[in-house]
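Data file: entry.txt. Format and content: compact mmCIF, C-alpha atoms.
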```txt
# COMPACT_ATOMS: atom_id res chain seq x y z
CA MET Y 196 0.00 0.00 0.00
CA LEU Y 197 1.42 3.40 -0.97
CA ASN Y 198 -0.46 5.47 1.67
CA LEU Y 199 0.84 8.78 0.26
CA GLN Y 200 0.80 11.69 2.72
CA THR Y 201 2.13 15.21 2.11
CA LYS Y 202 3.08 17.32 5.13
CA LYS Y 203 4.97 20.41 6.28
CA GLN Y 204 6.89 21.00 9.48
CA LYS Y 205 8.06 24.37 10.78
CA PHE Y 206 11.09 24.78 13.03
CA TYR Y 207 11.66 27.79 15.26
CA GLU Y 208 15.09 26.78 16.52
CA PRO Y 209 17.82 28.61 14.53
CA LEU Y 210 19.82 26.51 12.08
CA SER Y 211 23.52 27.34 11.98
CA LEU Y 212 24.89 26.99 8.46
CA GLU Y 213 28.28 25.96 7.14
CA SER Y 214 28.80 29.51 5.82
CA GLY Y 215 28.57 30.96 9.31
CA ARG Y 216 25.13 32.42 8.66
CA MET Y 217 21.92 31.30 10.32
CA LEU Y 218 18.29 30.60 9.45
CA LEU Y 219 16.25 31.86 12.41
CA GLU Y 220 13.35 29.62 11.44
CA TYR Y 221 12.50 27.40 8.51
CA LYS Y 222 10.00 24.86 7.22
CA LEU Y 223 10.35 21.59 5.37
CA ALA Y 224 7.82 20.04 3.01
CA TYR Y 225 7.93 16.27 2.92
CA GLU Y 226 6.04 13.23 1.70
CA THR Y 227 5.70 9.79 3.22
CA TYR Y 228 4.66 6.42 1.80
CA GLY Y 229 3.87 3.17 3.59
CA THR Y 230 3.42 2.69 7.33
CA LEU Y 231 5.90 3.40 10.11
CA ASN Y 232 6.27 0.32 12.31
CA ALA Y 233 6.11 0.36 16.10
CA ASP Y 234 9.90 0.33 16.49
CA LYS Y 235 10.29 3.10 13.89
CA ASN Y 236 13.12 1.19 12.26
CA ASN Y 237 11.66 0.48 8.79
CA VAL Y 238 12.44 3.97 7.47
CA ILE Y 239 13.97 4.66 4.07
CA VAL Y 240 15.00 8.24 3.37
CA VAL Y 241 14.87 9.16 -0.33
CA CYS Y 242 16.90 12.22 -1.36
CA HIS Y 243 15.94 14.15 -4.50
CA ALA Y 244 18.17 15.64 -7.20
CA LEU Y 245 18.71 19.31 -8.12
CA THR Y 246 15.27 20.11 -9.52
CA GLY Y 247 13.38 17.30 -7.79
CA SER Y 248 10.91 17.59 -4.94
CA HIS Y 249 9.36 15.67 -2.06
CA HIS Y 250 6.87 14.12 -4.53
CA ALA Y 251 8.84 10.96 -5.27
CA ALA Y 252 6.02 8.47 -5.89
CA GLY Y 253 2.32 8.09 -6.53
CA GLN Y 254 -0.12 10.60 -7.96
CA TYR Y 255 -2.04 13.48 -6.48
CA LYS Y 256 -5.79 13.67 -6.92
CA ASN Y 257 -6.72 15.05 -10.34
CA ASP Y 258 -3.08 14.84 -11.48
CA ASP Y 259 -1.95 12.25 -14.00
CA LYS Y 260 1.77 12.85 -13.40
CA SER Y 261 3.49 10.42 -11.05
CA GLY Y 262 6.31 11.17 -8.63
CA TRP Y 263 9.80 11.28 -10.08
CA TRP Y 264 10.82 7.81 -8.78
CA ASP Y 265 7.41 6.16 -8.98
CA GLY Y 266 8.88 3.17 -10.81
CA LEU Y 267 11.08 2.39 -7.81
CA ILE Y 268 8.78 3.17 -4.86
CA GLY Y 269 5.52 1.37 -4.14
CA LYS Y 270 3.85 -1.95 -3.44
CA ASN Y 271 6.10 -4.86 -4.53
CA LYS Y 272 8.61 -2.46 -6.08
CA ALA Y 273 12.31 -2.30 -5.17
CA ILE Y 274 11.50 0.12 -2.34
CA ASP Y 275 8.45 -1.81 -1.16
CA THR Y 276 5.95 0.37 0.70
CA ASP Y 277 4.29 -2.72 2.15
CA LYS Y 278 7.56 -3.25 4.01
CA PHE Y 279 9.17 0.16 4.38
CA TYR Y 280 8.14 3.64 5.50
CA VAL Y 281 9.57 6.02 2.93
CA ILE Y 282 10.25 9.72 3.52
CA CYS Y 283 11.28 12.26 0.88
CA VAL Y 284 11.96 15.87 1.93
CA SER Y 285 12.12 18.95 -0.30
CA ILE Y 286 15.50 20.39 0.62
CA LEU Y 287 16.05 23.89 1.95
CA GLY Y 288 16.32 26.24 -1.01
CA SER Y 289 13.83 24.26 -3.08
CA CYS Y 290 10.79 26.03 -4.50
CA TYR Y 291 8.47 23.12 -3.64
CA GLY Y 292 7.32 24.14 -0.18
CA SER Y 293 10.44 24.27 1.98
CA THR Y 294 12.10 27.55 3.02
CA SER Y 295 13.64 29.14 -0.08
CA PRO Y 296 14.86 32.51 -1.41
CA LEU Y 297 11.21 33.52 -1.92
CA SER Y 298 10.34 32.86 1.73
CA ILE Y 299 9.91 35.73 4.20
CA ASP Y 300 12.99 36.69 6.20
CA LYS Y 301 11.69 37.08 9.75
CA SER Y 302 14.30 39.77 10.53
CA THR Y 303 13.13 42.09 7.70
CA GLY Y 304 9.57 41.01 6.96
CA LYS Y 305 10.51 40.78 3.27
CA GLN Y 306 11.38 37.92 0.93
CA TYR Y 307 15.02 36.86 1.17
CA ARG Y 308 15.67 36.97 -2.60
CA LEU Y 309 19.47 37.41 -3.03
CA ASN Y 310 19.87 37.86 0.74
CA PHE Y 311 19.13 34.17 1.23
CA PRO Y 312 22.20 32.40 2.63
CA VAL Y 313 24.29 30.10 0.47
CA LEU Y 314 23.55 26.54 1.53
CA ALA Y 315 25.79 23.48 1.58
CA ILE Y 316 24.74 19.84 1.30
CA SER Y 317 25.61 19.50 5.00
CA ASP Y 318 23.06 22.19 5.84
CA VAL Y 319 20.14 20.54 4.05
CA VAL Y 320 21.01 17.17 5.59
CA LYS Y 321 21.25 18.68 9.08
CA ALA Y 322 17.81 20.24 8.59
CA GLN Y 323 16.38 16.85 7.57
CA MET Y 324 17.90 15.22 10.65
CA ARG Y 325 15.99 17.70 12.80
CA LEU Y 326 12.80 16.63 11.06
CA PHE Y 327 13.52 12.95 11.68
CA LYS Y 328 14.27 13.65 15.35
CA HIS Y 329 10.95 15.51 15.59
CA LEU Y 330 9.23 12.44 14.13
CA GLY Y 331 10.94 10.18 16.68
CA ILE Y 332 13.06 8.47 14.03
CA ASN Y 333 16.55 7.80 15.36
CA GLN Y 334 17.75 5.34 12.77
CA ALA Y 335 16.88 4.61 9.15
CA HIS Y 336 17.10 1.25 7.45
CA ALA Y 337 18.53 3.09 4.44
CA VAL Y 338 19.19 6.42 2.77
CA ILE Y 339 19.12 6.46 -1.03
CA GLY Y 340 19.59 9.19 -3.62
CA GLY Y 341 20.88 9.96 -7.09
CA SER Y 342 22.94 12.91 -8.37
CA LEU Y 343 22.49 15.75 -5.82
CA GLY Y 344 20.47 13.22 -3.82
CA GLY Y 345 23.53 10.96 -3.80
CA MET Y 346 25.59 13.82 -2.36
CA GLN Y 347 23.05 14.08 0.45
CA ALA Y 348 23.18 10.32 1.02
CA LEU Y 349 26.99 10.44 1.30
CA CYS Y 350 26.73 13.34 3.74
CA PHE Y 351 24.32 11.31 5.90
CA ALA Y 352 26.85 8.45 5.90
CA ILE Y 353 29.78 10.64 6.92
CA GLU Y 354 28.28 13.26 9.22
CA PHE Y 355 25.55 11.14 10.84
CA ALA Y 356 27.30 7.79 10.76
CA ASP Y 357 24.94 6.06 13.21
CA PHE Y 358 21.75 7.11 11.41
CA ALA Y 359 21.48 4.73 8.43
CA LYS Y 360 22.37 1.05 8.20
CA ASN Y 361 22.53 1.18 4.41
CA VAL Y 362 23.39 4.02 2.06
CA ILE Y 363 22.73 3.69 -1.68
CA ILE Y 364 24.25 6.31 -3.99
CA LEU Y 365 23.46 6.51 -7.70
CA ALA Y 366 25.01 8.62 -10.50
CA SER Y 367 26.83 10.86 -8.07
CA THR Y 368 30.25 11.85 -6.77
CA TYR Y 369 32.27 12.67 -3.67
CA GLN Y 370 33.06 16.14 -5.09
CA THR Y 371 31.71 18.13 -8.01
CA LYS Y 372 34.30 18.23 -10.79
CA PRO Y 373 35.09 21.15 -13.18
CA TRP Y 374 33.16 19.51 -16.05
CA ALA Y 375 29.88 19.68 -14.10
CA ILE Y 376 30.66 23.14 -12.71
CA ALA Y 377 31.23 24.36 -16.28
CA PHE Y 378 27.78 23.17 -17.42
CA ASN Y 379 26.23 24.83 -14.38
CA LYS Y 380 28.06 28.07 -15.16
CA ILE Y 381 26.13 28.41 -18.42
CA GLY Y 382 22.82 28.27 -16.54
CA ILE Y 383 23.98 30.69 -13.85
CA GLU Y 384 25.20 33.32 -16.33
CA ALA Y 385 22.13 32.96 -18.55
CA ILE Y 386 19.82 33.65 -15.59
CA LYS Y 387 21.88 36.52 -14.16
CA ASN Y 388 22.09 38.31 -17.50
CA ASP Y 389 18.45 38.02 -18.49
CA PRO Y 390 16.96 41.53 -18.09
CA GLU Y 391 13.75 39.97 -16.77
CA PHE Y 392 15.69 38.46 -13.85
CA LYS Y 393 15.97 42.04 -12.51
CA ASN Y 394 18.82 41.16 -10.13
CA GLY Y 395 16.54 38.71 -8.33
CA GLU Y 396 13.63 41.14 -7.97
CA TYR Y 397 11.46 39.58 -10.71
CA ASN Y 398 7.74 39.00 -10.31
CA GLU Y 399 7.56 35.30 -9.50
CA HIS Y 400 3.97 35.01 -10.73
CA GLU Y 401 4.92 36.37 -14.15
CA ILE Y 402 7.86 33.95 -14.34
CA LEU Y 403 5.59 31.00 -13.58
CA LYS Y 404 3.24 32.17 -16.32
CA ASN Y 405 5.72 33.16 -19.01
CA GLY Y 406 9.00 31.52 -18.03
CA LEU Y 407 12.46 33.12 -18.10
CA LYS Y 408 14.36 32.91 -21.38
CA GLY Y 409 17.79 33.04 -19.77
CA MET Y 410 16.93 30.15 -17.50
CA ALA Y 411 15.61 28.21 -20.48
CA TYR Y 412 18.89 28.67 -22.35
CA GLY Y 413 20.84 27.47 -19.32
CA ARG Y 414 18.54 24.49 -18.94
CA MET Y 415 19.33 23.47 -22.52
CA ALA Y 416 22.96 23.02 -21.47
CA GLY Y 417 21.72 21.03 -18.49
CA HIS Y 418 19.69 18.70 -20.71
CA ILE Y 419 22.76 18.03 -22.87
CA SER Y 420 24.75 17.04 -19.77
CA PHE Y 421 21.95 14.73 -18.59
CA LEU Y 422 21.98 12.69 -21.81
CA SER Y 423 24.76 11.16 -23.91
CA PRO Y 424 25.77 11.22 -27.59
CA ASP Y 425 24.39 7.68 -28.08
CA SER Y 426 21.05 8.39 -26.41
CA MET Y 427 20.61 11.56 -28.48
CA ASP Y 428 21.39 9.60 -31.63
CA LYS Y 429 18.74 7.00 -30.78
CA LYS Y 430 16.17 9.51 -29.54
CA PHE Y 431 16.45 12.12 -32.31
CA GLY Y 432 18.83 11.04 -35.05
CA ARG Y 433 19.06 13.73 -37.70
CA ASN Y 434 15.28 14.04 -37.97
CA TYR Y 435 14.17 17.44 -39.18
CA VAL Y 436 10.92 19.21 -38.31
CA LYS Y 437 8.60 18.51 -41.23
CA THR Y 438 7.14 22.01 -41.31
CA ASP Y 439 10.59 23.65 -41.40
CA GLY Y 440 12.61 23.99 -44.59
CA LEU Y 441 16.07 22.43 -44.59
CA TYR Y 442 17.53 25.62 -46.02
CA GLU Y 443 15.67 27.98 -43.71
CA LEU Y 444 18.28 29.66 -41.51
CA PHE Y 445 16.30 28.92 -38.35
CA GLY Y 446 14.86 25.59 -39.46
CA ARG Y 447 14.96 23.02 -36.68
CA PHE Y 448 16.08 19.46 -36.07
CA SER Y 449 14.04 17.30 -33.69
CA VAL Y 450 16.69 17.76 -31.02
CA ASP Y 451 16.19 21.54 -31.32
CA THR Y 452 12.49 21.31 -30.58
CA TYR Y 453 13.14 18.91 -27.68
CA LEU Y 454 15.51 21.37 -26.02
CA GLN Y 455 13.19 24.32 -26.65
CA TYR Y 456 10.05 22.62 -25.39
CA ASN Y 457 11.54 21.09 -22.25
CA SER Y 458 13.57 24.11 -21.26
CA ILE Y 459 10.70 26.60 -21.59
CA ASN Y 460 8.31 24.33 -19.66
CA PHE Y 461 10.92 23.89 -16.95
CA THR Y 462 11.08 27.65 -16.31
CA LYS Y 463 7.34 27.68 -15.67
CA ARG Y 464 7.62 25.19 -12.81
CA PHE Y 465 10.97 25.95 -11.17
CA ASP Y 466 12.05 29.21 -9.57
CA PRO Y 467 15.21 30.91 -10.92
CA LEU Y 468 16.57 31.84 -7.50
CA SER Y 469 16.08 28.30 -6.22
CA TYR Y 470 17.94 27.08 -9.29
CA LEU Y 471 20.86 29.43 -8.58
CA TYR Y 472 21.09 28.49 -4.92
CA ILE Y 473 20.83 24.72 -5.42
CA THR Y 474 23.30 24.84 -8.32
CA LYS Y 475 25.72 26.68 -6.02
CA MET Y 476 25.12 23.97 -3.43
CA MET Y 477 26.06 21.32 -5.99
CA ASN Y 478 29.11 23.22 -7.21
CA ILE Y 479 30.69 23.64 -3.77
CA PHE Y 480 30.05 20.05 -2.70
CA ASP Y 481 33.26 18.31 -1.70
CA CYS Y 482 33.16 15.76 1.09
CA THR Y 483 36.95 16.11 1.51
CA ARG Y 484 36.85 19.87 2.19
CA HIS Y 485 37.29 19.53 5.95
CA TYR Y 486 39.56 16.48 5.76
CA ASP Y 487 43.11 15.73 4.65
CA SER Y 488 42.11 13.21 1.98
CA LEU Y 489 39.19 11.21 0.57
CA GLU Y 490 40.10 8.25 2.79
CA ASP Y 491 40.12 10.54 5.80
CA ALA Y 492 36.70 11.92 4.81
CA LEU Y 493 35.19 8.45 4.40
CA SER Y 494 36.68 7.02 7.60
CA PRO Y 495 33.67 7.86 9.88
CA ILE Y 496 31.29 5.77 7.74
CA LYS Y 497 29.58 2.84 9.48
CA ALA Y 498 26.80 2.06 7.00
CA LYS Y 499 27.07 -0.42 4.16
CA LEU Y 500 27.52 1.60 0.98
CA THR Y 501 26.17 0.57 -2.41
CA LEU Y 502 27.57 2.72 -5.21
CA ILE Y 503 25.74 2.51 -8.55
CA ALA Y 504 27.31 4.28 -11.54
CA PHE Y 505 26.21 4.44 -15.18
CA SER Y 506 28.72 3.85 -17.97
CA SER Y 507 27.61 6.80 -20.14
CA ASP Y 508 27.19 9.36 -17.34
CA LEU Y 509 28.93 12.54 -18.56
CA LEU Y 510 28.04 14.72 -15.57
CA PHE Y 511 29.41 12.41 -12.85
CA PRO Y 512 31.47 9.76 -14.65
CA PRO Y 513 31.83 6.28 -13.09
CA SER Y 514 35.44 7.10 -12.20
CA CYS Y 515 34.15 9.38 -9.42
CA MET Y 516 32.52 6.51 -7.55
CA GLN Y 517 35.24 4.03 -8.53
CA HIS Y 518 37.68 6.31 -6.75
CA MET Y 519 35.39 6.34 -3.73
CA GLN Y 520 35.10 2.56 -3.78
CA GLU Y 521 38.89 2.16 -3.86
CA SER Y 522 39.19 4.36 -0.77
CA LEU Y 523 36.42 2.47 1.03
CA LEU Y 524 38.13 -0.85 0.34
CA LYS Y 525 41.45 0.47 1.68
CA LEU Y 526 39.60 1.47 4.85
CA GLY Y 527 38.00 -1.98 5.13
CA LYS Y 528 34.50 -0.54 4.82
CA ASN Y 529 31.52 -2.64 3.76
CA SER Y 530 30.84 -1.38 0.25
CA LYS Y 531 29.87 -2.51 -3.21
CA PHE Y 532 30.43 -0.83 -6.56
CA ILE Y 533 28.08 -1.59 -9.45
CA LEU Y 534 28.60 -0.28 -12.97
CA ILE Y 535 25.41 -0.28 -15.04
CA ASP Y 536 25.90 -0.64 -18.79
CA SER Y 537 23.83 2.22 -20.17
CA ASP Y 538 24.00 4.58 -23.13
CA TYR Y 539 21.31 6.91 -21.74
CA GLY Y 540 23.59 9.26 -19.82
CA HIS Y 541 23.31 10.81 -16.36
CA ASP Y 542 19.50 10.64 -16.21
CA ALA Y 543 19.60 6.84 -16.42
CA PHE Y 544 19.10 6.80 -12.64
CA LEU Y 545 15.65 8.33 -13.25
CA VAL Y 546 14.74 6.57 -16.48
CA GLU Y 547 16.31 3.09 -16.69
CA ILE Y 548 14.98 1.78 -13.41
CA ASP Y 549 14.73 -1.75 -14.80
CA LYS Y 550 18.53 -1.85 -15.05
CA PHE Y 551 19.26 -1.18 -11.38
CA GLN Y 552 16.09 -1.91 -9.38
CA ASN Y 553 17.23 -5.42 -8.44
CA HIS Y 554 20.50 -4.04 -7.07
CA VAL Y 555 18.51 -1.63 -4.89
CA ARG Y 556 16.18 -4.42 -3.77
CA GLU Y 557 19.14 -6.63 -2.90
CA ALA Y 558 20.87 -3.88 -0.93
CA LEU Y 559 17.71 -3.20 1.08
CA ASN Y 560 16.97 -6.84 1.81
CA GLU Y 561 20.44 -7.89 2.98
```
How does the structure come out when it is put into structure tokens?
Amino acid sequence: MLNLQTKKQKFYEPLSLESGRMLLEYKLAYETYGTLNADKNNVIVVCHALTGSHHAAGQYKNDDKSGWWDGLIGKNKAIDTDKFYVICVSILGSCYGSTSPLSIDKSTGKQYRLNFPVLAISDVVKAQMRLFKHLGINQAHAVIGGSLGGMQALCFAIEFADFAKNVIILASTYQTKPWAIAFNKIGIEAIKNDPEFKNGEYNEHEILKNGLKGMAYGRMAGHISFLSPDSMDKKFGRNYVKTDGLYELFGRFSVDTYLQYNSINFTKRFDPLSYLYITKMMNIFDCTRHYDSLEDALSPIKAKLTLIAFSSDLLFPPSCMQHMQESLLKLGKNSKFILIDSDYGHDAFLVEIDKFQNHVREALNE
């Protein structure tokens, strides 16, 4: 049984951030599936990626769109909601109900906008831990996430080593590399330099209605990094839009229309400031920052780690997690590295569930 429930929790205790700044109060939107057992030890925490949300599975009433990992979460699925109690939290900075740059700053009575503090992965994980403590959950059976969600999962494993018995990381890394930062830079500059961005003082209702062209252009670069040359070949080939002339200067290939359509629609559902802040969060992620080496950073880990990489991932290549696995083995940690043969690209962790669901099921059932 899915038993989908959507909730919000407000916290009035200040949250000290890695930057040295503080959130005086904040709220977290979250969703749960399944039933929490009496011992509260059947919990699986699902962490979302950059533009994801707490809506990981199921459908809302009068909505035909399922949660972003619906193929993985539910009755008799790899994350079985007849067995586990699943929680997914919209991270701080997200525009899906948690405190974000468009929230009201209690100290000024105005929206934070560009005065919102820069957040680190550690900050959003610490905020989630406060939520779990409030819910009386002291230990999770597992934490699982892909991409930015995988960064959160690794942070749980290192900074809250006693919290999760199992940590499953997909299509992620222990530090964001220059290749990924470079793709993100295109999106950042495109947003900043769009006149309609108005230095962060845009009308959010107009943006939701009309979108933001600069953000759409940046998102095109993002879509390219999420796919791979092979998957684009298979998906689009050199197909040309039938109504466009081949020798028209602005005639379009199918891949052109895909990028245009998806990027414009994206800007009508995701806030530009949230995108800037979460992209910054991804860019500065480096689990070794406060340690002498990767091995030193991974040494606190107690959970069993399952690392799942995808062969065609351009954003976070398999070598990132292979490097992590080598360090874990040197430390004698309980870990497993799985390389999925895929030509889809980075987004395989969202799309090709059939290729890795049994590995997730196995990790959860051991």
May I have the residues at most 6 Å from (15.5, 5.6, 9.0) in the file's coordinates, counting all atoms listed in the file, as an mmCIF file with C-alpha atoms, keeping the file's coordinate frame?
```cif
data_model
loop_
_atom_site.group_PDB
_atom_site.id
_atom_site.type_symbol
_atom_site.label_atom_id
_atom_site.label_comp_id
_atom_site.auth_asym_id
_atom_site.auth_seq_id
_atom_site.Cartn_x
_atom_site.Cartn_y
_atom_site.Cartn_z
ATOM 1 C CA ASN Y 236 13.120 1.190 12.260
ATOM 2 C CA VAL Y 238 12.440 3.970 7.470
ATOM 3 C CA ILE Y 239 13.970 4.660 4.070
ATOM 4 C CA GLN Y 334 17.750 5.340 12.770
ATOM 5 C CA ALA Y 335 16.880 4.610 9.150
ATOM 6 C CA HIS Y 336 17.100 1.250 7.450
#
```
Among listed residues Y:Ala492, Y:Met196, Y:Leu210, Y:Ile339, nearest Leu526 (chain Y) (using only C-alpha atoms): Y:Ala492
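Note that the spacing between CA of Asn529 (chain Y) and CA of His541 (chain Y) amounts to 25.6 Å.
Note that CA of Thr462 (chain Y) and CA of Leu407 (chain Y) are 5.9 Å apart.
If all atoms listed in the file are the atoms counted, then among Y:Ala543, Y:Val338, Y:Leu199, Y:Leu349 the closest residue to Ser423 (chain Y) is Y:Ala543.
The space between CA of Asp357 (chain Y) and CA of Ser289 (chain Y) spans 26.8 Å.
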From Y:Met410, Y:Met346, Y:Leu365, Y:Leu212, residue lying nearest Leu468 (chain Y) [all atoms listed in the file]: Y:Met410
Shell of 9 Å around Leu454 (chain Y), only C-alpha atoms, local chain residues under 2 positions omitted, as a ChimeraX atom specification: /Y:411-412,414-416,418-419,449-452,456-459
Who sits within 10 Å of Trp263 (chain Y), all atoms listed in the file, same chain under 3 positions skipped, as a list in words: His243, Ala244, Gly247, Ser248, His249, His250, Ala251, Ala252, Gly253, Lys260, Gly266, Leu267, Ile268, Leu545 and Val546 of chain Y
Residues within 12 Å of Gly345 (chain Y), only C-alpha atoms, excluding chain neighbours under 5 positions, as a VMD selection string: chain Y and resid 240 to 245 316 320 338 to 340 350 to 352 362 to 371 477 480 482 500 to 504 511 516 544
For the residues in the current selection, export C-alpha atoms as a PDB file, in the coordinates of the input.
```
ATOM      1  CA  VAL Y 240      15.000   8.240   3.370  1.00  0.00           C
ATOM      2  CA  VAL Y 241      14.870   9.160  -0.330  1.00  0.00           C
ATOM      3  CA  CYS Y 242      16.900  12.220  -1.360  1.00  0.00           C
ATOM      4  CA  HIS Y 243      15.940  14.150  -4.500  1.00  0.00           C
ATOM      5  CA  ALA Y 244      18.170  15.640  -7.200  1.00  0.00           C
ATOM      6  CA  LEU Y 245      18.710  19.310  -8.120  1.00  0.00           C
ATOM      7  CA  ILE Y 316      24.740  19.840   1.300  1.00  0.00           C
ATOM      8  CA  VAL Y 320      21.010  17.170   5.590  1.00  0.00           C
ATOM      9  CA  VAL Y 338      19.190   6.420   2.770  1.00  0.00           C
ATOM     10  CA  ILE Y 339      19.120   6.460  -1.030  1.00  0.00           C
ATOM     11  CA  GLY Y 340      19.590   9.190  -3.620  1.00  0.00           C
ATOM     12  CA  CYS Y 350      26.730  13.340   3.740  1.00  0.00           C
ATOM     13  CA  PHE Y 351      24.320  11.310   5.900  1.00  0.00           C
ATOM     14  CA  ALA Y 352      26.850   8.450   5.900  1.00  0.00           C
ATOM     15  CA  VAL Y 362      23.390   4.020   2.060  1.00  0.00           C
ATOM     16  CA  ILE Y 363      22.730   3.690  -1.680  1.00  0.00           C
ATOM     17  CA  ILE Y 364      24.250   6.310  -3.990  1.00  0.00           C
ATOM     18  CA  LEU Y 365      23.460   6.510  -7.700  1.00  0.00           C
ATOM     19  CA  ALA Y 366      25.010   8.620 -10.500  1.00  0.00           C
ATOM     20  CA  SER Y 367      26.830  10.860  -8.070  1.00  0.00           C
ATOM     21  CA  THR Y 368      30.250  11.850  -6.770  1.00  0.00           C
ATOM     22  CA  TYR Y 369      32.270  12.670  -3.670  1.00  0.00           C
ATOM     23  CA  GLN Y 370      33.060  16.140  -5.090  1.00  0.00           C
ATOM     24  CA  THR Y 371      31.710  18.130  -8.010  1.00  0.00           C
ATOM     25  CA  MET Y 477      26.060  21.320  -5.990  1.00  0.00           C
ATOM     26  CA  PHE Y 480      30.050  20.050  -2.700  1.00  0.00           C
ATOM     27  CA  CYS Y 482      33.160  15.760   1.090  1.00  0.00           C
ATOM     28  CA  LEU Y 500      27.520   1.600   0.980  1.00  0.00           C
ATOM     29  CA  THR Y 501      26.170   0.570  -2.410  1.00  0.00           C
ATOM     30  CA  LEU Y 502      27.570   2.720  -5.210  1.00  0.00           C
ATOM     31  CA  ILE Y 503      25.740   2.510  -8.550  1.00  0.00           C
ATOM     32  CA  ALA Y 504      27.310   4.280 -11.540  1.00  0.00           C
ATOM     33  CA  PHE Y 511      29.410  12.410 -12.850  1.00  0.00           C
ATOM     34  CA  MET Y 516      32.520   6.510  -7.550  1.00  0.00           C
ATOM     35  CA  PHE Y 544      19.100   6.800 -12.640  1.00  0.00           C
TER      36      PHE Y 544
END
```
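With only the atoms specified (all atoms listed in the file) counting, those residues at most 10 Å away from (22.5, 20.9, 11.2) are Pro209, Leu210, Ser211, Leu212, Glu213, Ser317, Asp318, Val319, Val320, Lys321, Ala322, Gln323, Met324, Arg325 and Glu354 of chain Y.
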For Lys430 (chain Y): contacts at 10 Å, all atoms listed in the file, fewer than 4 positions along chain excluded, given as a list in words: Pro424, Asp425, Ser426, Asn434, Ser449, Val450 and Tyr539 of chain Y
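Minimum atom-to-atom distances from Y:Asp277, Y:Asp466, Y:Asp536, Y:Asp259 to Pro513 (chain Y) were compared using only C-alpha atoms, and the lowest value belongs to Y:Asp536.
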Mind working out the centre and edge lengths of an axis-aligned box for region 423-442 of chain Y, all listed atoms inside, 8 Å added to each side, rounded to one decimal in Å and written as JSON?
```
{"center_x": 16.5, "center_y": 16.3, "center_z": -35.0, "size_x": 34.6, "size_y": 34.6, "size_z": 38.1}
```
Neighbour list for Tyr221 (chain Y) as a ChimeraX atom specification, cut-off 8 Å, all atoms listed in the file, skip fewer than 2 positions in-chain: /Y:205-207,218-219,223,293-294
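Here the question is which of Y:Phe378, Y:Phe445, Y:Phe551, Y:Tyr435 gets nearest to Ala273 (chain Y) using only C-alpha atoms, and that residue is Y:Phe551.
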